[in-house]
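Enquirer: Structure: structure36.cif, mmCIF, C-alpha atoms.
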data_run
loop_
_atom_site.label_atom_id
_atom_site.label_comp_id
_atom_site.auth_asym_id
_atom_site.auth_seq_id
_atom_site.Cartn_x
_atom_site.Cartn_y
_atom_site.Cartn_z
CA MET K 1 10.17 23.78 12.27
CA ASP K 2 13.44 23.73 10.39
CA ASN K 3 13.68 22.21 6.95
CA ASP K 4 15.26 18.93 8.03
CA GLN K 5 12.42 18.34 10.44
CA THR K 6 9.85 19.27 7.80
CA ASP K 7 11.41 16.82 5.36
CA MET K 8 11.56 14.13 8.02
CA ASN K 9 7.92 14.60 8.90
CA SER K 10 6.82 14.45 5.28
CA ALA K 11 8.96 11.35 4.68
CA LEU K 12 7.31 9.61 7.64
CA MET K 13 3.79 10.47 6.54
CA VAL K 14 1.60 7.67 5.23
CA ASP K 15 -2.04 7.52 4.08
CA GLY K 16 -5.16 7.03 6.16
CA ASN K 17 -5.29 3.66 4.43
CA ALA K 18 -2.36 2.59 6.62
CA VAL K 19 -4.54 2.82 9.75
CA ALA K 20 -7.56 1.20 8.13
CA GLY K 21 -7.26 -1.69 10.58
CA GLN K 22 -7.43 0.53 13.66
CA LEU K 23 -10.35 2.49 12.17
CA GLU K 24 -12.20 -0.71 11.34
CA GLN K 25 -11.64 -1.97 14.87
CA ILE K 26 -13.27 1.19 16.24
CA PHE K 27 -16.09 1.68 13.73
CA GLY K 28 -16.78 -1.98 12.92
CA ARG K 29 -16.55 -1.34 9.19
CA ASP K 30 -14.15 -0.19 6.53
CA MET K 31 -13.71 3.57 6.88
CA THR K 32 -11.18 4.23 4.12
CA MET K 33 -13.95 5.14 1.66
CA ALA K 34 -15.85 7.26 4.22
CA ILE K 35 -15.72 11.01 3.61
CA ALA K 36 -14.29 13.34 6.24
CA ARG K 37 -15.17 17.00 5.91
CA CYS K 38 -12.42 19.14 7.38
CA ALA K 39 -13.72 21.53 10.05
CA GLY K 40 -10.88 23.88 9.13
CA CYS K 41 -11.26 24.30 5.37
CA ALA K 42 -14.53 22.44 4.63
CA ARG K 43 -12.82 20.30 2.01
CA ASP K 44 -13.99 16.65 1.67
CA ALA K 45 -11.51 13.78 1.54
CA GLN K 46 -11.78 10.03 1.68
CA MET K 47 -10.37 8.86 5.01
CA GLY K 48 -8.03 6.52 3.16
CA ALA K 49 -6.49 9.59 1.52
CA LEU K 50 -5.96 11.66 4.68
CA MET K 51 -2.36 12.33 5.68
CA ALA K 52 -1.51 9.90 8.46
CA PHE K 53 1.20 10.33 11.07
CA ILE K 54 1.60 7.08 12.95
CA ARG K 55 5.09 7.13 14.45
CA GLY K 56 4.11 9.05 17.58
CA PRO K 57 2.36 7.73 20.70
CA GLY K 58 -0.96 8.09 18.86
CA ILE K 59 -2.30 8.42 15.34
CA VAL K 60 -3.00 11.80 13.75
CA LEU K 61 -4.99 12.11 10.54
CA ARG K 62 -4.65 15.44 8.77
CA CYS K 63 -6.50 17.17 5.94
CA PRO K 64 -4.52 16.86 2.68
CA ALA K 65 -5.66 20.34 1.65
CA CYS K 66 -5.01 22.51 4.75
CA LEU K 67 -3.05 20.09 7.01
CA SER K 68 -5.42 20.59 9.97
CA ALA K 69 -5.67 17.64 12.34
CA ILE K 70 -9.01 15.95 11.64
CA VAL K 71 -8.85 12.86 13.85
CA ARG K 72 -6.54 11.81 16.69
CA ILE K 73 -6.52 8.27 18.07
CA VAL K 74 -4.69 7.07 21.16
CA GLU K 75 -4.78 3.51 22.41
CA THR K 76 -3.91 2.90 26.05
CA PRO K 77 -3.94 -0.47 27.84
CA SER K 78 -7.39 0.31 29.27
CA ALA K 79 -9.12 2.39 26.59
CA THR K 80 -9.10 3.83 23.10
CA TYR K 81 -9.53 7.60 22.71
CA LEU K 82 -10.78 9.08 19.47
CA GLU K 83 -10.90 12.87 19.22
CA ALA K 84 -12.46 14.26 16.04
CA ARG K 85 -12.88 17.98 16.69
CA GLY K 86 -11.21 18.63 13.37
CA ALA K 87 -13.97 16.89 11.43
CA ALA K 88 -17.17 18.77 10.57
CA TYR K 89 -18.59 15.33 9.91
CA LEU K 90 -17.83 11.83 8.67
CA ARG K 91 -20.07 10.52 5.92
CA MET K 92 -20.26 6.82 5.19
CA ALA K 93 -22.30 4.97 2.59
CA PRO K 94 -24.59 2.19 3.80
CA GLN K 95 -22.79 -1.12 3.83
CA ALA K 96 -23.52 -3.11 0.72
CA MET T 1 -24.06 -8.22 3.59
CA VAL T 2 -22.48 -6.74 6.69
CA GLN T 3 -18.81 -7.59 6.79
CA PRO T 4 -17.58 -9.65 9.73
CA VAL T 5 -15.82 -7.82 12.54
CA LEU T 6 -12.11 -7.59 12.00
CA GLU T 7 -10.44 -10.05 14.35
CA TRP T 8 -6.94 -11.30 14.93
CA GLN T 9 -6.32 -14.84 13.79
CA ALA T 10 -3.31 -17.13 13.89
CA GLY T 11 -1.88 -17.67 10.42
CA ARG T 12 0.44 -20.60 9.88
CA VAL T 13 3.52 -20.06 7.73
CA THR T 14 3.39 -22.48 4.81
CA ALA T 15 6.30 -21.13 2.75
CA ILE T 16 9.03 -18.50 2.84
CA ARG T 17 10.64 -17.44 -0.42
CA PRO T 18 13.52 -14.96 -0.80
CA GLU T 19 12.73 -12.40 -3.52
CA THR T 20 15.72 -10.06 -3.33
CA ARG T 21 18.49 -9.34 -0.82
CA GLN T 22 16.07 -7.27 1.26
CA THR T 23 12.69 -8.87 0.59
CA LYS T 24 11.03 -12.21 1.26
CA SER T 25 7.56 -13.54 0.51
CA PHE T 26 5.70 -15.29 3.31
CA SER T 27 2.69 -17.53 2.66
CA PHE T 28 0.18 -17.99 5.47
CA ALA T 29 -2.68 -20.47 5.75
CA LEU T 30 -5.55 -18.72 7.52
CA PRO T 31 -8.26 -20.51 9.51
CA ARG T 32 -10.75 -17.74 8.62
CA TRP T 33 -9.52 -16.88 5.13
CA MET T 34 -11.69 -14.58 3.06
CA ALA T 35 -11.20 -13.28 -0.46
CA HIS T 36 -9.47 -9.90 -0.44
CA ARG T 37 -9.58 -7.07 -2.96
CA PRO T 38 -6.23 -6.63 -4.74
CA GLY T 39 -4.37 -3.75 -3.06
CA GLN T 40 -5.61 -4.51 0.46
CA HIS T 41 -3.30 -5.28 3.36
CA TYR T 42 -3.11 -7.32 6.55
CA ASP T 43 -1.95 -6.11 9.94
CA VAL T 44 0.68 -8.27 11.64
CA ARG T 45 0.98 -8.19 15.44
CA LEU T 46 3.88 -9.37 17.57
CA THR T 47 3.58 -9.85 21.34
CA ALA T 48 6.68 -9.98 23.54
CA PRO T 49 6.82 -12.22 26.65
CA ASP T 50 6.24 -9.14 28.84
CA GLY T 51 3.05 -8.29 26.95
CA TYR T 52 4.49 -5.48 24.82
CA GLN T 53 2.75 -5.48 21.46
CA THR T 54 3.63 -3.88 18.16
CA GLN T 55 2.00 -4.10 14.77
CA ARG T 56 2.67 -3.22 11.15
CA SER T 57 0.65 -3.30 7.94
CA TYR T 58 1.86 -5.36 4.98
CA SER T 59 0.35 -5.44 1.51
CA ILE T 60 -1.00 -8.69 0.14
CA ALA T 61 1.00 -9.86 -2.87
CA SER T 62 -1.16 -12.84 -3.81
CA PRO T 63 -4.39 -12.60 -5.82
CA PRO T 64 -7.77 -13.44 -4.26
CA GLU T 65 -7.93 -16.36 -6.68
CA ARG T 66 -5.46 -18.14 -4.40
CA LEU T 67 -7.80 -19.78 -1.92
CA GLY T 68 -7.20 -20.34 1.80
CA GLU T 69 -3.83 -18.61 1.82
CA ILE T 70 -2.34 -15.16 1.51
CA GLU T 71 1.17 -14.14 0.60
CA LEU T 72 2.82 -11.03 2.05
CA THR T 73 6.07 -9.71 0.57
CA VAL T 74 8.02 -7.87 3.25
CA GLU T 75 11.09 -5.67 2.97
CA ARG T 76 13.57 -6.03 5.82
CA ILE T 77 13.99 -2.66 7.54
CA PRO T 78 17.31 -2.97 9.44
CA ASP T 79 16.17 -1.10 12.58
CA GLY T 80 12.53 -2.15 12.28
CA GLU T 81 10.53 -3.80 15.04
CA VAL T 82 8.63 -6.35 12.99
CA SER T 83 10.31 -7.03 9.64
CA PRO T 84 13.64 -8.32 11.11
CA TYR T 85 11.66 -10.83 13.18
CA LEU T 86 9.79 -12.01 10.08
CA HIS T 87 13.01 -12.26 8.06
CA ASP T 88 15.38 -13.70 10.64
CA VAL T 89 13.26 -15.72 13.07
CA LEU T 90 10.00 -16.86 11.47
CA MET T 91 10.08 -20.40 10.04
CA PRO T 92 7.62 -22.52 8.06
CA GLY T 93 5.13 -24.07 10.48
CA ASP T 94 5.27 -21.08 12.87
CA GLN T 95 2.15 -19.13 13.70
CA LEU T 96 1.70 -15.38 13.50
CA GLU T 97 -1.16 -13.07 14.50
CA LEU T 98 -2.80 -11.44 11.50
CA ARG T 99 -5.96 -9.46 10.84
CA GLY T 100 -7.46 -8.47 7.54
CA PRO T 101 -8.08 -8.01 4.70
CA ILE T 102 -8.11 -4.26 5.35
CA GLY T 103 -8.75 -1.12 3.31
CA GLY T 104 -11.17 -0.23 0.52
CA TYR T 105 -9.34 2.77 -0.87
CA PHE T 106 -6.25 1.47 -2.65
CA VAL T 107 -7.86 -1.41 -4.53
CA TRP T 108 -8.30 -2.38 -8.14
CA GLU T 109 -10.40 -5.19 -9.53
CA VAL T 110 -10.99 -6.26 -13.12
CA SER T 111 -14.55 -4.94 -12.84
CA LEU T 112 -13.20 -1.39 -12.36
CA GLY T 113 -11.70 -1.50 -15.85
CA GLY T 114 -8.82 0.54 -17.17
CA PRO T 115 -6.58 1.32 -18.82
CA LEU T 116 -4.47 0.64 -15.79
CA LEU T 117 -1.22 2.42 -14.99
CA LEU T 118 0.66 1.15 -11.95
CA VAL T 119 3.57 3.18 -10.59
CA GLY T 120 5.72 1.57 -7.93
CA GLY T 121 8.93 2.25 -6.08
CA GLY T 122 10.84 -0.43 -4.19
CA SER T 123 8.57 -2.67 -2.15
CA GLY T 124 5.69 -0.40 -3.20
CA VAL T 125 5.33 -2.85 -6.06
CA VAL T 126 3.74 -5.43 -3.74
CA PRO T 127 0.05 -4.33 -3.81
CA LEU T 128 0.44 -3.57 -7.53
CA MET T 129 1.57 -7.17 -8.04
CA ALA T 130 -1.62 -8.43 -6.38
CA MET T 131 -3.56 -6.38 -8.94
CA LEU T 132 -1.54 -7.78 -11.85
CA ARG T 133 -1.79 -11.37 -10.59
CA HIS T 134 -5.55 -10.93 -10.21
CA ARG T 135 -5.76 -9.45 -13.72
CA ALA T 136 -3.81 -12.41 -15.12
CA ALA T 137 -5.87 -14.97 -13.17
CA GLN T 138 -9.03 -13.43 -14.65
CA HIS T 139 -7.52 -13.45 -18.18
CA SER T 140 -8.39 -9.76 -18.33
CA THR T 141 -7.42 -7.79 -21.42
CA VAL T 142 -7.73 -4.40 -19.69
CA PRO T 143 -4.60 -2.63 -21.02
CA ALA T 144 -2.07 -2.39 -18.22
CA ARG T 145 1.40 -0.97 -17.72
CA ILE T 146 3.66 -0.80 -14.72
CA LEU T 147 6.42 1.74 -14.19
CA TYR T 148 8.67 0.33 -11.51
CA SER T 149 11.59 2.15 -9.90
CA SER T 150 14.41 0.25 -8.17
CA ARG T 151 17.86 1.18 -6.96
CA THR T 152 19.73 -1.62 -8.74
CA ALA T 153 18.94 -4.67 -10.87
CA GLU T 154 19.24 -6.88 -7.76
CA ASP T 155 16.51 -4.91 -6.01
CA VAL T 156 13.76 -5.64 -8.56
CA ILE T 157 11.11 -7.83 -6.95
CA TYR T 158 9.12 -10.21 -9.21
CA ARG T 159 11.25 -9.38 -12.29
CA ASP T 160 10.92 -12.83 -13.89
CA GLU T 161 7.21 -13.01 -13.24
CA LEU T 162 6.57 -9.52 -14.65
CA ASP T 163 8.58 -10.30 -17.77
CA GLY T 164 6.79 -13.65 -18.10
CA MET T 165 3.40 -11.96 -17.83
CA ALA T 166 4.41 -9.51 -20.55
CA ALA T 167 5.64 -12.29 -22.84
CA ALA T 168 2.31 -14.09 -22.51
CA ASP T 169 0.08 -11.02 -22.75
CA PRO T 170 0.38 -8.31 -25.44
CA THR T 171 -1.93 -6.01 -23.42
CA PHE T 172 0.54 -5.76 -20.52
CA GLU T 173 3.93 -4.06 -20.52
CA PRO T 174 6.43 -3.40 -17.70
CA PHE T 175 8.82 -0.44 -17.66
CA TYR T 176 11.76 -0.36 -15.29
CA THR T 177 13.89 2.50 -14.09
CA PHE T 178 17.07 2.26 -12.00
CA THR T 179 18.08 5.09 -9.71
CA ARG T 180 21.56 3.91 -8.70
CA GLN T 181 23.06 1.05 -10.67
CA PRO T 182 21.29 -0.15 -13.82
CA PRO T 183 22.12 -3.62 -15.15
CA THR T 184 25.08 -3.75 -17.55
CA GLY T 185 24.03 -2.87 -21.07
CA TRP T 186 20.79 -1.30 -19.85
CA THR T 187 19.33 1.12 -22.41
CA GLY T 188 16.12 2.01 -20.56
CA TYR T 189 15.38 4.61 -17.89
CA ARG T 190 18.07 5.33 -15.32
CA ARG T 191 16.71 8.09 -13.09
CA ARG T 192 13.94 8.78 -10.60
CA ILE T 193 10.42 8.74 -11.98
CA ASP T 194 9.60 12.19 -13.35
CA ALA T 195 6.91 13.89 -15.41
CA THR T 196 8.61 13.12 -18.74
CA MET T 197 8.85 9.42 -17.93
CA LEU T 198 5.23 9.30 -16.73
CA ALA T 199 4.05 11.02 -19.92
CA GLU T 200 5.97 8.55 -22.10
CA VAL T 201 4.67 5.46 -20.28
CA MET T 202 1.12 6.82 -20.10
CA ARG T 203 0.95 8.10 -23.69
CA PRO T 204 -1.24 5.33 -25.22
CA PHE T 205 -3.65 5.61 -22.28
CA ASP T 206 -3.91 9.41 -22.41
CA LYS T 207 -5.96 10.85 -19.55
CA ARG T 208 -8.28 7.86 -19.38
CA ALA T 209 -5.78 5.95 -17.25
CA ARG T 210 -6.60 4.74 -13.77
CA VAL T 211 -3.40 5.25 -11.84
CA TYR T 212 -2.23 3.53 -8.65
CA VAL T 213 0.94 4.87 -7.08
CA CYS T 214 2.69 3.08 -4.23
CA GLY T 215 6.12 3.52 -2.72
CA PRO T 216 8.20 5.68 -0.38
CA THR T 217 6.23 8.77 0.66
CA LEU T 218 8.40 11.39 -1.05
CA GLN T 219 8.37 9.46 -4.33
CA VAL T 220 4.58 9.07 -4.20
CA GLU T 221 4.26 12.81 -3.53
CA ALA T 222 6.41 13.62 -6.56
CA VAL T 223 4.52 11.24 -8.85
CA ALA T 224 1.09 12.38 -7.67
CA ASN T 225 2.02 16.04 -8.12
CA ALA T 226 3.32 15.34 -11.63
CA LEU T 227 0.12 13.51 -12.55
CA VAL T 228 -2.04 16.38 -11.29
CA GLN T 229 0.05 18.85 -13.30
CA MET T 230 -0.52 16.63 -16.35
CA GLU T 231 -4.23 17.29 -15.69
CA LEU T 232 -5.11 13.73 -14.95
CA PRO T 233 -8.45 13.80 -13.08
CA ILE T 234 -7.64 13.49 -9.39
CA GLU T 235 -10.33 10.88 -8.80
CA ARG T 236 -8.42 8.55 -11.14
CA ILE T 237 -5.28 8.68 -9.00
CA ARG T 238 -4.97 6.46 -5.94
CA THR T 239 -1.90 6.64 -3.74
CA GLU T 240 -0.43 4.55 -0.98
CA ARG T 241 2.57 5.90 0.91
CA PHE T 242 4.91 3.51 2.64
CA GLY T 243 6.72 6.08 4.76
CA PRO T 244 10.46 6.57 4.48
CA SER T 245 12.29 4.38 2.00
CA GLY T 246 13.74 1.21 3.44
CA ALA T 247 17.48 1.60 3.63
#
Show me this structure written as structure tokens.
Expert:
Amino acid sequence: MDNDQTDMNSALMVDGNAVAGQLEQIFGRDMTMAIARCAGCARDAQMGALMAFIRGPGIVLRCPACLSAIVRIVETPSATYLEARGAAYLRMAPQA
Amino acid sequence: MVQPVLEWQAGRVTAIRPETRQTKSFSFALPRWMAHRPGQHYDVRLTAPDGYQTQRSYSIASPPERLGEIELTVERIPDGEVSPYLHDVLMPGDQLELRGPIGGYFVWEVSLGGPLLLVGGGSGVVPLMAMLRHRAAQHSTVPARILYSSRTAEDVIYRDELDGMAAADPTFEPFYTFTRQPPTGWTGYRRRIDATMLAEVMRPFDKRARVYVCGPTLQVEAVANALVQMELPIERIRTERFGPSGA
């Protein structure tokens, strides 16, 4: 990746909080305070604080520490795909 | 209490107010209104006649104390898919699909305490304004400051209201910085937010501050990195990135 593209990608990045609506639609609850443990570097991060790339055909959530892709979401007219190979686990508190 | 499933609902536009050249505030009456937490957002969905749908997230500007309605302040992105429609087409009385309130991460309520340091750039001030309006509605005396970066004097959203809040409340103070064209006679900051500026604004709060940073992604990155280098505990820093800056 050349520098212009790197800068462009970082300028387009938002937080996991920006896709809170899509996550809530899938999980049926707020997920921004849920913890995702990165399968790559084992660091924990709140899902609202993951690096979110949303301008492509799908959504990619990356680890803020090592940049590994933790969750990918693609919505098609007939189905929603959620791939989370990059997460060792998601941990969510019981709903109050 | 399990929260209700997030569903789209038709909000009716009750008022549209220009804020600056590029921003307007839209009030919506919601049939299934619920109190939000300051800092949360709503998703807005547009559907074209051929079925094509697109959606964007917009921060709530109003406080939860305003019942039955929400207000979203939206910056017009010239080549955007949603904001030009809101700015140029939407009229009072129209209906719009909305779902929310959304997000539990970038929120502040009076019960969380302070001192509170809000750092905003451009339309990143919107969720911070919901926090300040909530704080004022609750007559909170949690010490609060906002450091707000704009390009020019004309680009400052909510300027009168912020100054009015400060005049009425000795525990709140706004600080402005202008990155392109400060107002004539301006003696305050006239540069991008940097570590020196953050240290000056944060000084009375020391490292006890709870900090919320919202704005264009690269600005939020710079501010968050500066705060971490100032050894502010990372769990006291909450960020919300808006993507590339508007214009």
Enquirer: Taking (-7.2, 12.2, 14.1) in the file's coordinates as the center, which residues reach within 8 Å of it, counting all atoms listed in the file, put as a PyMOL selection string?
Expert: chain K and resi 59-62+69-73+82-84+86
Enquirer: The residues within 8 Å of (-0.4, -6.5, -2.0), using only C-alpha atoms and the coordinates of the file, should be reported as a list in words; which are they?
Expert: Pro38, Gly39, Gln40, His41, Tyr58, Ser59, Ile60, Ala61, Ser62, Leu72, Thr73, Val125, Val126, Pro127, Leu128, Met129, Ala130 and Met131 of chain T
Enquirer: Which residues match the PyMOL selection byres ((chain T) within 8 of (chain K)) in the file above, as a VMD selection string?
Expert: chain T and resid 1 to 3 5 to 6 43 57 99 to 100 102 to 106 216 to 218 239 to 244
Enquirer: What's the 8 Å shell around Pro31 (chain T), counting all atoms listed in the file, without same-chain residues fewer than 3 positions away, as a ChimeraX atom specification?
Expert: /T:9-11,68
Enquirer: Report as a PDB file with C-alpha atoms, keeping the file's coordinate frame all protein, DNA and RNA residues lying within 12 Å of Arg66 (chain T), evaluated on all atoms listed in the file, omitting residues in the same chain fewer than 6 positions from it.
Expert:
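Final output, part-v6.pdb:
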ATOM      1  CA  SER T  27       2.690 -17.530   2.660  1.00  0.00           C
ATOM      2  CA  PHE T  28       0.180 -17.990   5.470  1.00  0.00           C
ATOM      3  CA  ALA T  29      -2.680 -20.470   5.750  1.00  0.00           C
ATOM      4  CA  LEU T  30      -5.550 -18.720   7.520  1.00  0.00           C
ATOM      5  CA  TRP T  33      -9.520 -16.880   5.130  1.00  0.00           C
ATOM      6  CA  MET T  34     -11.690 -14.580   3.060  1.00  0.00           C
ATOM      7  CA  ALA T  35     -11.200 -13.280  -0.460  1.00  0.00           C
ATOM      8  CA  HIS T  36      -9.470  -9.900  -0.440  1.00  0.00           C
ATOM      9  CA  ARG T  37      -9.580  -7.070  -2.960  1.00  0.00           C
ATOM     10  CA  PRO T  38      -6.230  -6.630  -4.740  1.00  0.00           C
ATOM     11  CA  ILE T  60      -1.000  -8.690   0.140  1.00  0.00           C
ATOM     12  CA  ALA T 130      -1.620  -8.430  -6.380  1.00  0.00           C
ATOM     13  CA  ARG T 133      -1.790 -11.370 -10.590  1.00  0.00           C
ATOM     14  CA  HIS T 134      -5.550 -10.930 -10.210  1.00  0.00           C
ATOM     15  CA  ALA T 137      -5.870 -14.970 -13.170  1.00  0.00           C
ATOM     16  CA  GLN T 138      -9.030 -13.430 -14.650  1.00  0.00           C
TER      17      GLN T 138
END
Enquirer: When you look at Ser123 (chain T) with a cut-off of 8 Å (counting all atoms listed in the file), what residues show up, excluding the ones that are within fewer than 3 positions of it in the same chain? I need them as a ChimeraX atom specification.
Expert: /T:23,73-75,120,126,157,215
Enquirer: Using the file's own x, y and z axes, so that the box edges lie along x, y and z, what centre and edge lengths in Å (one decimal) does a box around every listed atom of region 91-96 of chain K get when 6 Å is added on each side? Give it as JSON.
Expert:
{"center_x": -22.3, "center_y": 3.7, "center_z": 3.3, "size_x": 16.5, "size_y": 25.6, "size_z": 17.2}
Enquirer: Record the distance separating CA of Gly188 (chain T) and CA of Ser140 (chain T), expressed in Å with one decimal.
Expert: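 According to the coordinates, CA of Gly188 (chain T) and CA of Ser140 (chain T) are separated by 27.3 Å.
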Enquirer: Please, what distance in Å, to one decimal, runs between CA of Glu71 (chain T) and CA of Gln219 (chain T)?
Expert: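 Between these atoms lies a distance of 25.2 Å.
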Enquirer: Can you tell me how far CA of Gly121 (chain T) sits from CA of Tyr176 (chain T), in Å to one decimal?
Expert: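 Going from CA of Gly121 (chain T) over to CA of Tyr176 (chain T), I get 10.0 Å.
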Enquirer: Please identify all polymer residues within 7 Å of Ala209 (chain T), counting only C-alpha atoms, omitting same-chain residues fewer than 5 positions from it, and present them as a list in words.
Expert: Gly114, Pro115, Leu116 and Leu117 of chain T
Enquirer: Leaving out Arg203 (chain T) and any residue of its chain fewer than 4 positions from it, which residues lie within 12 Å of it when counting only C-alpha atoms, given as a PyMOL selection string?
Expert: chain T and resi 115+117+145+195-199+207-209+230
Enquirer: Starting from the displayed file, determine the output of the PyMOL selection byres ((chain T and resi 158-174) around 6) and express the residue list as a PyMOL selection string.
Expert: chain T and resi 143-146+156-157+175
Enquirer: If you apply the PyMOL selection byres ((chain T and resi 15) around 10) to this file, what residues do you get, as a list in words?
Expert: Arg12, Val13, Thr14, Ile16, Arg17, Ser25, Phe26, Ser27, Phe28, Ala29, Glu71, Met91, Pro92 and Gly93 of chain T
Enquirer: Using all atoms listed in the file, pick whichever of T:Glu81, T:Val110, T:Gly51, T:Leu98 has the shortest atom-to-atom distance to Pro64 (chain T).
Expert: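 The answer is T:Val110, which sits nearest to Pro64 (chain T).
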Enquirer: Point out the residue among T:Leu67, T:Val119, T:Leu132, T:Val44 with the least atom-to-atom distance to Leu96 (chain T), counting all atoms listed in the file.
Expert: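 Among T:Leu67, T:Val119, T:Leu132, T:Val44, it is T:Val44 that comes nearest to Leu96 (chain T).
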